[in-house]
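Colleague: Please find final_26.txt (compact mmCIF, C-alpha atoms and all ligand atoms) on the next line:
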# COMPACT_ATOMS: atom_id res chain seq x y z
CA ARG B 1 67.03 51.45 80.03
CA ARG B 2 67.28 48.37 77.87
CA LEU B 3 65.83 45.29 79.53
CA ASP B 4 66.87 41.71 79.04
CA SER B 5 63.91 39.94 77.42
CA ARG B 6 64.23 36.83 79.59
CA SER B 7 64.96 38.16 83.06
CA GLY B 8 63.32 41.58 82.67
CA LEU B 9 66.46 43.04 84.25
CA PRO B 10 68.62 45.83 82.84
CA ALA B 11 71.19 44.39 80.43
CA GLY B 12 74.07 42.60 82.14
CA LEU B 13 72.51 42.31 85.61
CA LEU B 14 72.86 38.97 87.42
CA SER B 15 70.20 37.56 89.71
CA ASP B 16 71.56 34.22 91.00
CA ILE B 17 72.94 34.32 94.54
CA GLN B 18 73.96 31.59 96.99
CA THR B 19 74.52 33.72 100.10
CA PRO B 20 71.37 33.80 102.20
CA ILE B 21 70.08 37.26 103.13
CA SER B 22 69.57 37.00 106.87
CA THR B 23 66.81 38.94 108.60
CA GLU B 24 68.40 38.47 112.00
CA PRO B 25 69.04 41.95 113.46
CA LEU B 26 72.52 43.10 112.50
CA GLU B 27 73.27 44.32 116.04
CA SER B 28 72.78 40.86 117.47
CA VAL B 29 75.56 39.43 115.27
CA TYR B 30 77.95 42.39 114.86
CA GLU B 31 79.15 45.34 116.83
CA ILE B 32 79.46 48.44 114.64
CA THR B 33 82.69 50.24 115.50
CA GLY B 34 82.98 53.16 113.08
CA GLU B 35 82.59 54.47 109.53
CA LEU B 36 85.00 53.50 106.74
CA GLY B 37 83.57 55.39 103.79
CA ARG B 38 80.47 56.47 101.95
CA GLY B 39 79.29 56.91 98.40
CA LYS B 40 76.05 58.01 96.72
CA PHE B 41 73.83 55.16 97.94
CA ALA B 42 76.03 53.30 100.40
CA VAL B 43 77.65 53.73 103.78
CA VAL B 44 80.43 51.35 104.78
CA LYS B 45 81.03 50.71 108.47
CA ARG B 46 83.64 48.75 110.36
CA CYS B 47 82.11 45.94 112.39
CA VAL B 48 83.20 43.12 114.64
CA GLU B 49 81.52 39.71 114.50
CA LYS B 50 80.57 39.01 118.12
CA SER B 51 80.98 35.23 117.88
CA SER B 52 84.49 35.29 116.40
CA GLY B 53 85.91 38.75 117.17
CA LYS B 54 86.70 39.07 113.45
CA VAL B 55 86.58 42.49 111.79
CA PHE B 56 84.48 43.03 108.64
CA ALA B 57 83.30 45.94 106.51
CA ALA B 58 79.51 46.29 106.42
CA LYS B 59 78.26 47.97 103.23
CA PHE B 60 74.76 49.35 103.79
CA LEU B 61 72.97 49.57 100.44
CA ARG B 62 69.62 51.36 100.31
CA LYS B 63 66.85 49.19 98.91
CA ARG B 64 64.97 52.25 97.58
CA ARG B 65 66.76 54.99 95.72
CA ARG B 66 65.08 58.00 94.16
CA GLY B 67 61.74 56.32 94.85
CA ARG B 68 62.67 53.19 92.91
CA ASP B 69 63.09 49.62 94.19
CA CYS B 70 66.78 48.77 93.78
CA ARG B 71 66.83 45.35 95.33
CA SER B 72 67.81 43.77 91.99
CA GLU B 73 70.90 46.01 91.77
CA VAL B 74 71.97 44.90 95.25
CA ILE B 75 71.40 41.23 94.39
CA HIS B 76 73.47 41.79 91.25
CA GLU B 77 76.36 43.25 93.29
CA MET B 78 76.22 40.16 95.52
CA ALA B 79 76.16 37.84 92.50
CA VAL B 80 79.26 39.50 91.01
CA LEU B 81 81.11 39.17 94.33
CA GLU B 82 80.13 35.50 94.50
CA MET B 83 81.33 34.90 90.95
CA SER B 84 84.66 36.44 91.98
CA HIS B 85 84.97 34.34 95.11
CA ASN B 86 88.15 32.64 93.83
CA ASN B 87 89.69 35.93 92.72
CA ASN B 88 91.87 36.87 95.66
CA ARG B 89 92.30 40.44 94.35
CA VAL B 90 88.58 40.97 94.92
CA VAL B 91 87.12 41.53 98.37
CA ASN B 92 85.21 38.50 99.71
CA LEU B 93 81.51 38.46 100.56
CA HIS B 94 81.11 36.90 104.02
CA ALA B 95 77.36 37.29 104.63
CA ALA B 96 74.34 39.50 103.95
CA HIS B 97 71.63 40.96 106.17
CA GLU B 98 68.42 42.78 105.49
CA THR B 99 67.12 45.68 107.57
CA ASP B 100 64.09 47.93 107.02
CA HIS B 101 65.83 50.21 104.56
CA ASP B 102 69.03 48.43 103.58
CA ILE B 103 70.64 45.26 102.43
CA VAL B 104 73.94 45.02 104.26
CA LEU B 105 76.85 43.21 102.63
CA ILE B 106 79.34 41.89 105.17
CA LEU B 107 82.68 42.12 103.35
CA GLU B 108 86.24 41.10 104.02
CA TYR B 109 87.89 44.07 105.75
CA ALA B 110 90.69 45.88 103.93
CA ALA B 111 92.59 47.56 106.76
CA GLY B 112 94.96 49.67 104.64
CA GLY B 113 92.39 52.07 103.17
CA GLU B 114 92.16 53.34 99.59
CA ILE B 115 95.11 53.65 97.20
CA PHE B 116 93.56 57.09 96.58
CA ASP B 117 95.35 58.25 99.73
CA HIS B 118 98.64 57.47 97.97
CA CYS B 119 97.62 59.49 94.89
CA VAL B 120 97.01 62.74 96.76
CA SER B 121 99.62 62.49 99.48
CA ASP B 122 102.72 64.72 99.52
CA GLU B 123 104.77 61.57 99.55
CA LEU B 124 104.11 59.31 96.56
CA LEU B 125 104.92 55.61 96.73
CA PRO B 126 108.24 54.36 95.34
CA GLU B 127 107.84 53.05 91.78
CA ALA B 128 108.64 49.49 92.87
CA GLN B 129 105.57 49.57 95.13
CA ILE B 130 103.45 51.17 92.43
CA THR B 131 104.33 48.47 89.90
CA ARG B 132 103.50 45.79 92.49
CA LEU B 133 100.07 47.33 93.10
CA ILE B 134 99.42 47.71 89.35
CA ARG B 135 100.43 44.08 88.74
CA GLN B 136 97.99 42.95 91.41
CA THR B 137 95.26 45.17 89.98
CA LEU B 138 95.86 43.66 86.54
CA GLU B 139 95.66 40.15 88.00
CA GLY B 140 92.30 40.98 89.55
CA VAL B 141 91.04 42.63 86.36
CA HIS B 142 92.29 39.74 84.23
CA ASN B 143 90.38 37.24 86.37
CA LEU B 144 87.21 39.34 86.18
CA HIS B 145 87.53 39.58 82.41
CA GLN B 146 88.04 35.80 82.17
CA SER B 147 84.56 35.51 83.72
CA ASN B 148 83.19 38.06 81.23
CA LEU B 149 82.80 40.59 84.03
CA VAL B 150 83.72 44.24 83.60
CA HIS B 151 84.09 46.46 86.66
CA LEU B 152 83.41 49.84 84.97
CA ASP B 153 84.18 51.88 88.10
CA LEU B 154 87.87 51.22 88.67
CA LYS B 155 89.38 54.23 90.39
CA PRO B 156 91.78 54.85 93.28
CA GLN B 157 88.84 54.99 95.74
CA ASN B 158 87.76 51.46 94.78
CA ILE B 159 91.18 49.80 95.08
CA LEU B 160 91.88 49.12 98.74
CA LEU B 161 94.87 47.76 100.61
CA THR B 162 94.97 44.89 103.11
CA GLY B 163 97.42 46.84 105.27
CA LEU B 164 99.42 50.07 105.41
CA SER B 165 102.76 49.36 107.04
CA PRO B 166 104.09 47.30 105.55
CA LEU B 167 102.07 48.23 102.49
CA GLY B 168 99.67 45.34 101.86
CA ASP B 169 98.07 43.76 98.83
CA ILE B 170 95.25 45.27 96.82
CA LYS B 171 91.57 44.34 97.04
CA ILE B 172 89.13 45.56 94.41
CA VAL B 173 85.77 46.71 95.83
CA ASP B 174 82.51 48.32 94.69
CA PHE B 175 80.85 46.14 92.06
CA GLY B 176 77.73 48.30 91.86
CA LEU B 177 78.43 49.25 88.24
CA ALA B 178 80.02 45.94 87.20
CA ARG B 179 78.33 44.12 84.34
CA ARG B 180 78.38 40.72 82.69
CA LEU B 181 79.33 41.00 79.02
CA GLY B 182 78.10 38.88 76.19
CA ALA B 183 74.78 37.35 77.15
CA VAL B 184 72.55 40.16 75.96
CA GLY B 185 74.48 41.73 73.11
CA GLU B 186 75.99 45.17 73.32
CA LEU B 187 76.34 47.12 76.51
CA ARG B 188 76.21 50.90 76.35
CA GLU B 189 75.55 52.96 79.42
CA ILE B 190 76.55 56.23 80.96
CA LEU B 191 78.25 55.00 84.08
CA GLY B 192 81.17 55.69 86.31
CA THR B 193 82.92 58.89 87.32
CA PRO B 194 83.85 61.11 84.32
CA GLU B 195 87.38 61.68 85.63
CA TYR B 196 88.18 57.96 85.44
CA VAL B 197 85.92 56.75 82.67
CA ALA B 198 86.95 55.84 79.11
CA PRO B 199 85.91 57.89 76.04
CA GLU B 200 83.64 55.10 74.71
CA VAL B 201 81.54 55.30 77.88
CA LEU B 202 81.08 59.07 77.59
CA ASN B 203 80.31 58.72 73.87
CA TYR B 204 77.71 56.01 74.45
CA GLU B 205 79.71 53.54 72.39
CA PRO B 206 79.95 49.80 73.11
CA ILE B 207 81.60 48.87 76.40
CA THR B 208 84.17 46.05 76.47
CA THR B 209 86.85 44.77 78.79
CA ALA B 210 89.15 47.45 77.29
CA THR B 211 87.07 50.02 79.17
CA ASP B 212 88.57 48.79 82.47
CA LEU B 213 92.10 49.02 81.05
CA TRP B 214 91.67 52.72 80.38
CA SER B 215 90.93 53.10 84.10
CA VAL B 216 94.06 51.12 85.00
CA GLY B 217 95.98 53.68 82.92
CA VAL B 218 94.38 56.53 84.87
CA ILE B 219 95.21 54.83 88.19
CA ALA B 220 98.84 54.27 87.15
CA TYR B 221 99.09 57.93 86.06
CA MET B 222 97.76 59.09 89.43
CA LEU B 223 100.05 56.84 91.47
CA VAL B 224 103.20 58.01 89.69
CA THR B 225 102.36 61.74 89.38
CA GLY B 226 99.90 62.47 92.19
CA GLU B 227 97.67 64.20 89.60
CA SER B 228 94.38 63.16 87.99
CA PRO B 229 95.10 63.20 84.23
CA PHE B 230 91.72 64.37 82.89
CA VAL B 231 90.10 66.35 85.67
CA GLY B 232 89.01 69.82 84.57
CA ASP B 233 87.53 72.81 86.34
CA ASP B 234 84.05 71.45 85.69
CA LYS B 235 82.31 68.34 84.36
CA GLN B 236 82.21 69.77 80.81
CA GLU B 237 85.96 70.33 80.72
CA THR B 238 86.62 66.86 82.15
CA TYR B 239 84.41 65.27 79.44
CA LEU B 240 86.30 67.18 76.77
CA ASN B 241 89.70 66.21 78.20
CA VAL B 242 88.70 62.53 78.22
CA SER B 243 87.17 62.42 74.76
CA GLN B 244 90.13 64.28 73.24
CA VAL B 245 92.58 62.20 75.33
CA ASN B 246 94.13 65.44 76.46
CA VAL B 247 96.93 64.12 78.69
CA ASP B 248 99.92 66.02 80.01
CA TYR B 249 103.12 63.95 79.83
CA SER B 250 105.37 66.96 80.34
CA ARG B 251 108.45 66.60 82.46
CA GLU B 252 106.90 68.90 85.04
CA ASN B 253 104.67 66.08 86.27
CA PHE B 254 106.99 63.27 85.29
CA SER B 255 110.38 64.48 86.49
CA MET B 256 110.71 61.59 88.93
CA VAL B 257 109.00 59.00 86.73
CA SER B 258 110.74 56.37 84.61
CA GLU B 259 110.40 56.30 80.80
CA LEU B 260 108.91 52.84 81.04
CA ALA B 261 106.12 54.10 83.29
CA VAL B 262 105.24 56.76 80.72
CA ASP B 263 105.27 54.13 77.96
CA PHE B 264 102.94 51.87 79.97
CA ILE B 265 100.45 54.69 80.61
CA ARG B 266 100.60 55.92 76.98
CA LYS B 267 99.64 52.44 75.75
CA LEU B 268 96.50 52.40 77.93
CA LEU B 269 95.27 55.97 77.51
CA VAL B 270 94.37 55.60 73.83
CA LYS B 271 90.99 56.50 72.42
CA ALA B 272 90.23 53.35 70.41
CA PRO B 273 89.42 50.51 72.86
CA GLU B 274 90.69 47.89 70.39
CA ASP B 275 94.13 49.52 70.43
CA ARG B 276 94.55 49.11 74.21
CA PRO B 277 96.43 46.05 75.46
CA SER B 278 94.47 43.45 77.44
CA ALA B 279 95.21 42.87 81.13
CA ALA B 280 97.31 39.82 80.19
CA GLU B 281 99.25 41.81 77.57
CA CYS B 282 99.89 44.58 80.10
CA MET B 283 101.43 42.03 82.46
CA SER B 284 104.39 41.55 80.14
CA HIS B 285 105.18 45.27 79.90
CA PRO B 286 108.78 45.80 81.07
CA TRP B 287 107.80 48.62 83.46
CA LEU B 288 106.04 46.13 85.72
CA TRP B 289 109.14 43.99 86.01
CA GLN B 290 112.06 46.39 85.76
CA LEU B 291 112.80 46.42 89.46
CA CYS B 292 112.26 42.67 89.83
CA LEU B 293 114.86 42.05 87.15
CA SER B 294 117.30 44.51 88.62
CA PRO B 295 120.69 42.83 88.95
CA ASP B 296 121.25 44.77 92.18
CA LEU B 297 119.88 42.31 94.71
CA THR B 298 120.58 44.70 97.54
CA ALA B 299 118.23 47.37 96.20
CA PRO B 300 116.04 48.26 99.17
CA THR B 301 112.89 48.52 97.06
CA ARG B 302 113.21 45.07 95.57
CA PRO B 303 109.74 43.54 95.86
CA VAL B 304 109.23 40.25 97.62
CA ARG B 305 107.90 37.30 95.68
CA GLU B 306 104.15 37.42 95.58
CA ARG B 307 101.71 34.68 96.32
CA SER B 308 100.63 33.27 92.99
CA CYS B 309 97.08 33.80 91.75
CA GLY B 310 97.26 30.71 89.58
CA ILE B 311 97.52 32.75 86.38
CA LYS B 312 100.17 31.73 83.88
CA TRP B 313 101.54 34.99 82.50
CA ALA B 314 103.70 35.31 79.44
CA ALA B 315 107.33 35.32 80.59
CA PRO B 316 108.50 38.83 81.42
CA PRO B 317 110.92 40.28 78.87
CA GLU B 318 114.50 39.26 79.59
CA ASP B 319 116.25 42.47 78.75
CA PRO B 320 114.53 45.69 79.86
CA GLU B 321 115.86 48.59 77.76
CA ASP B 322 115.83 51.07 80.56
CA LYS B 323 118.77 49.80 82.62
CA GLU B 324 121.09 52.57 83.73
P1 LIG Q 401 80.13 53.14 96.88
O1 LIG Q 401 79.39 52.28 95.92
O2 LIG Q 401 79.24 53.98 97.72
O3 LIG Q 401 81.27 53.90 96.26
P2 LIG Q 401 82.15 51.35 98.00
O4 LIG Q 401 81.93 49.89 97.96
O5 LIG Q 401 83.11 51.92 97.01
O6 LIG Q 401 80.75 52.10 97.94
O7 LIG Q 401 82.62 51.77 99.47
C1 LIG Q 401 82.82 53.13 99.79
C2 LIG Q 401 84.13 53.28 100.54
O8 LIG Q 401 84.10 52.51 101.76
C3 LIG Q 401 85.36 52.76 99.79
O9 LIG Q 401 85.88 53.70 98.89
C4 LIG Q 401 86.32 52.46 100.96
O10 LIG Q 401 86.92 53.64 101.43
C5 LIG Q 401 85.36 51.93 102.03
N1 LIG Q 401 85.26 50.47 101.94
C6 LIG Q 401 84.47 49.76 101.11
N2 LIG Q 401 84.63 48.43 101.27
C7 LIG Q 401 85.58 48.27 102.22
C8 LIG Q 401 86.22 47.12 102.81
N3 LIG Q 401 85.89 45.89 102.44
N4 LIG Q 401 87.18 47.34 103.74
C9 LIG Q 401 87.49 48.59 104.13
N5 LIG Q 401 86.94 49.71 103.59
C10 LIG Q 401 85.98 49.57 102.66
MG MG Q 402 83.11 53.29 95.48
Output the structure of this file as C-alpha cells.
Modeller:
Amino acid sequence: RRLDSRSGLPAGLLSDIQTPISTEPLESVYEITGELGRGKFAVVKRCVEKSSGKVFAAKFLRKRRRGRDCRSEVIHEMAVLEMSHNNNRVVNLHAAHETDHDIVLILEYAAGGEIFDHCVSDELLPEAQITRLIRQTLEGVHNLHQSNLVHLDLKPQNILLTGLSPLGDIKIVDFGLARRLGAVGELREILGTPEYVAPEVLNYEPITTATDLWSVGVIAYMLVTGESPFVGDDKQETYLNVSQVNVDYSRENFSMVSELAVDFIRKLLVKAPEDRPSAAECMSHPWLWQLCLSPDLTAPTRPVRERSCGIKWAAPPEDPEDKE
C-alpha cells in the first residue's frame, strides 16, 4: 500500500468529517426493523428514528477487519458522503453512531431496492425508463467527478431506487472504494468486482474518472439485455473477458434493443480510458434523449420532466437518426 506522506493514509483517503460520531446507544435512538443487504464488511438494516418516525438505512461497518484497524476507511467513506451532500443522486448521510465493533452510518433510505433486480428479472425495464436511470446515474457521476471523486465500485447493486411503483429516481451508494484523485499523484489499486471493473484496474494501470464510465457501460448493457457482459465461468475467465473487451453484441441478446443503445454501450466499453467519453459527453448521446424527443406526445413511455440537478448539459442533438 502506498501511503500519503502527509496524512500517513493510503493514497486518496480523506480524513475530514463534520458529522459527529455519537456514542449514544443506537437502540435508544432507532428501532431496527429488518435487513436490507449485506456485503463483505457491512450489514445494512432498515431502521426507524424514534423521535421522528422517519425511516433510514443503517450501514454497520466493522471497525476491525482481518485483524486490522479500519476506522480510517470508515471515516473516509463518511467524508466522501459529506463532500457529495449537494449531489442529489448520492444517498445522504444523516448521522453516525459508534458501537463496540462497528461504526454505523445512518443513511437516507432508498425504498425501491437495487437496480440489480431489474437486470436479472424476467421482465426488463422499458428503454425509456432505462435511459432515464442512466441519465440520472451520469448526473451523479458527473458531479462526483467535478469534485475529483471517483466511485470505483459502480455496479447494479450499488445503484438504488427511491421507489418501485412508480419507478423512482436513482441514488448511488457504497463509497467504500471511492477515492479522491489528484492530490497524491497516480492512483493504482486492485479494487472493485472483476465483472464490473475496467481493464486499467485489472492491469494495475492508472485510475481516472474514465474508470467509472466503463462501469456505466456495463450497467447500461445489463439493464438492456439482462446479461452481465464480461462474467465468465470463473474469475480467470472474467479477467480475460474484461482485458480483451470480449463483448457479445449479437442480435441474440440485443433483439429488443435499439441501435442507439448499442452505440452508447460500444462507446463506453473501450479498452483505452482516454477514448471513453466523459459523463458530460455521454449526456448528449442521442440514445438518452430519443424518447424525450419523440414527436408522438401520446407515447405511454414518455418520461416526465425531471427535477434539475443544476447541471448545464450541452443541448441534446436536434435530429436523432434512429426515428422510424
Ligand atoms: P457493501 O459495502 O457491503 O457493498 P453497501 O453500501 O453497498 O455495502 O450496502 C449493501 C446493500 O445494502 C446495498 O447493495 C443495498 O441493497 C442495501 N443498501 C445500502 N444502502 C441502502 C440505503 N440507503 N437504502 C436502502 N438500501 C440500502
Ligand atoms: Mg455494495
Colleague: Can you tell me which residues come within 7 Å of ligand LIG 401 (chain Q) when counting only C-alpha atoms and all ligand atoms, ideally as a ChimeraX atom specification?
Modeller: /B:36-44,56-57,59,91,107-111,113-114,157-158,160,173-174,176
Colleague: Using 9 Å as the limit and counting only C-alpha atoms, can you tabulate each residue of segment 82-198 of chain B that touches segment 229-249 of chain B, with its shortest atom-to-atom distance in Å and the two atoms involved, as a Markdown table?
Modeller:
| residue | atom | partner | partner_atom | distance |
| --- | --- | --- | --- | --- |
| B:Pro194 | CA | B:Tyr239 | CA | 6.4 |
| B:Glu195 | CA | B:Val231 | CA | 5.4 |
| B:Tyr196 | CA | B:Phe230 | CA | 7.8 |
| B:Val197 | CA | B:Val242 | CA | 7.8 |
| B:Ala198 | CA | B:Val242 | CA | 7.0 |
Colleague: So, counting only C-alpha atoms and all ligand atoms, which residue among B:Ser165, B:Ser215, B:Thr193, B:Asn143 is closest to ligand MG 402 (chain Q)?
Modeller: B:Thr193
Colleague: Check the smallest atom-to-atom distance from each of B:Lys171, B:Gly140, B:Ser228, B:Leu149 to Ala279 of chain B using all atoms listed in the file, then report the winner.
Modeller: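 Among the listed residues, B:Gly140 lies closest to Ala279 of chain B.
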Colleague: For ligand MG 402 (chain Q), which of B:Tyr30, B:Phe254, B:Trp289, B:Phe175 is the closest residue, counting all atoms listed in the file?
Modeller: B:Phe175
Colleague: Out of B:Val224, B:Val55, B:Val150, B:Leu177, which residue has the shortest atom-to-atom distance to ligand MG 402 (chain Q) when counting all atoms listed in the file?
Modeller: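 Using all atoms listed in the file, the shortest distance to ligand MG 402 (chain Q) belongs to B:Leu177.
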Colleague: Determine the nearest neighbour of ligand MG 402 (chain Q) from the options B:Glu252, B:Glu274, B:Glu205, B:Asp153, counting all atoms listed in the file.
Modeller: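 Looking only at the distances to ligand MG 402 (chain Q), the closest residue turns out to be B:Asp153.
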Colleague: Any idea what the distance is between atom CA of Ile106 of chain B and atom CA of Cys119 of chain B?
Modeller: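 Interatomic distance here is 27.4 Å.
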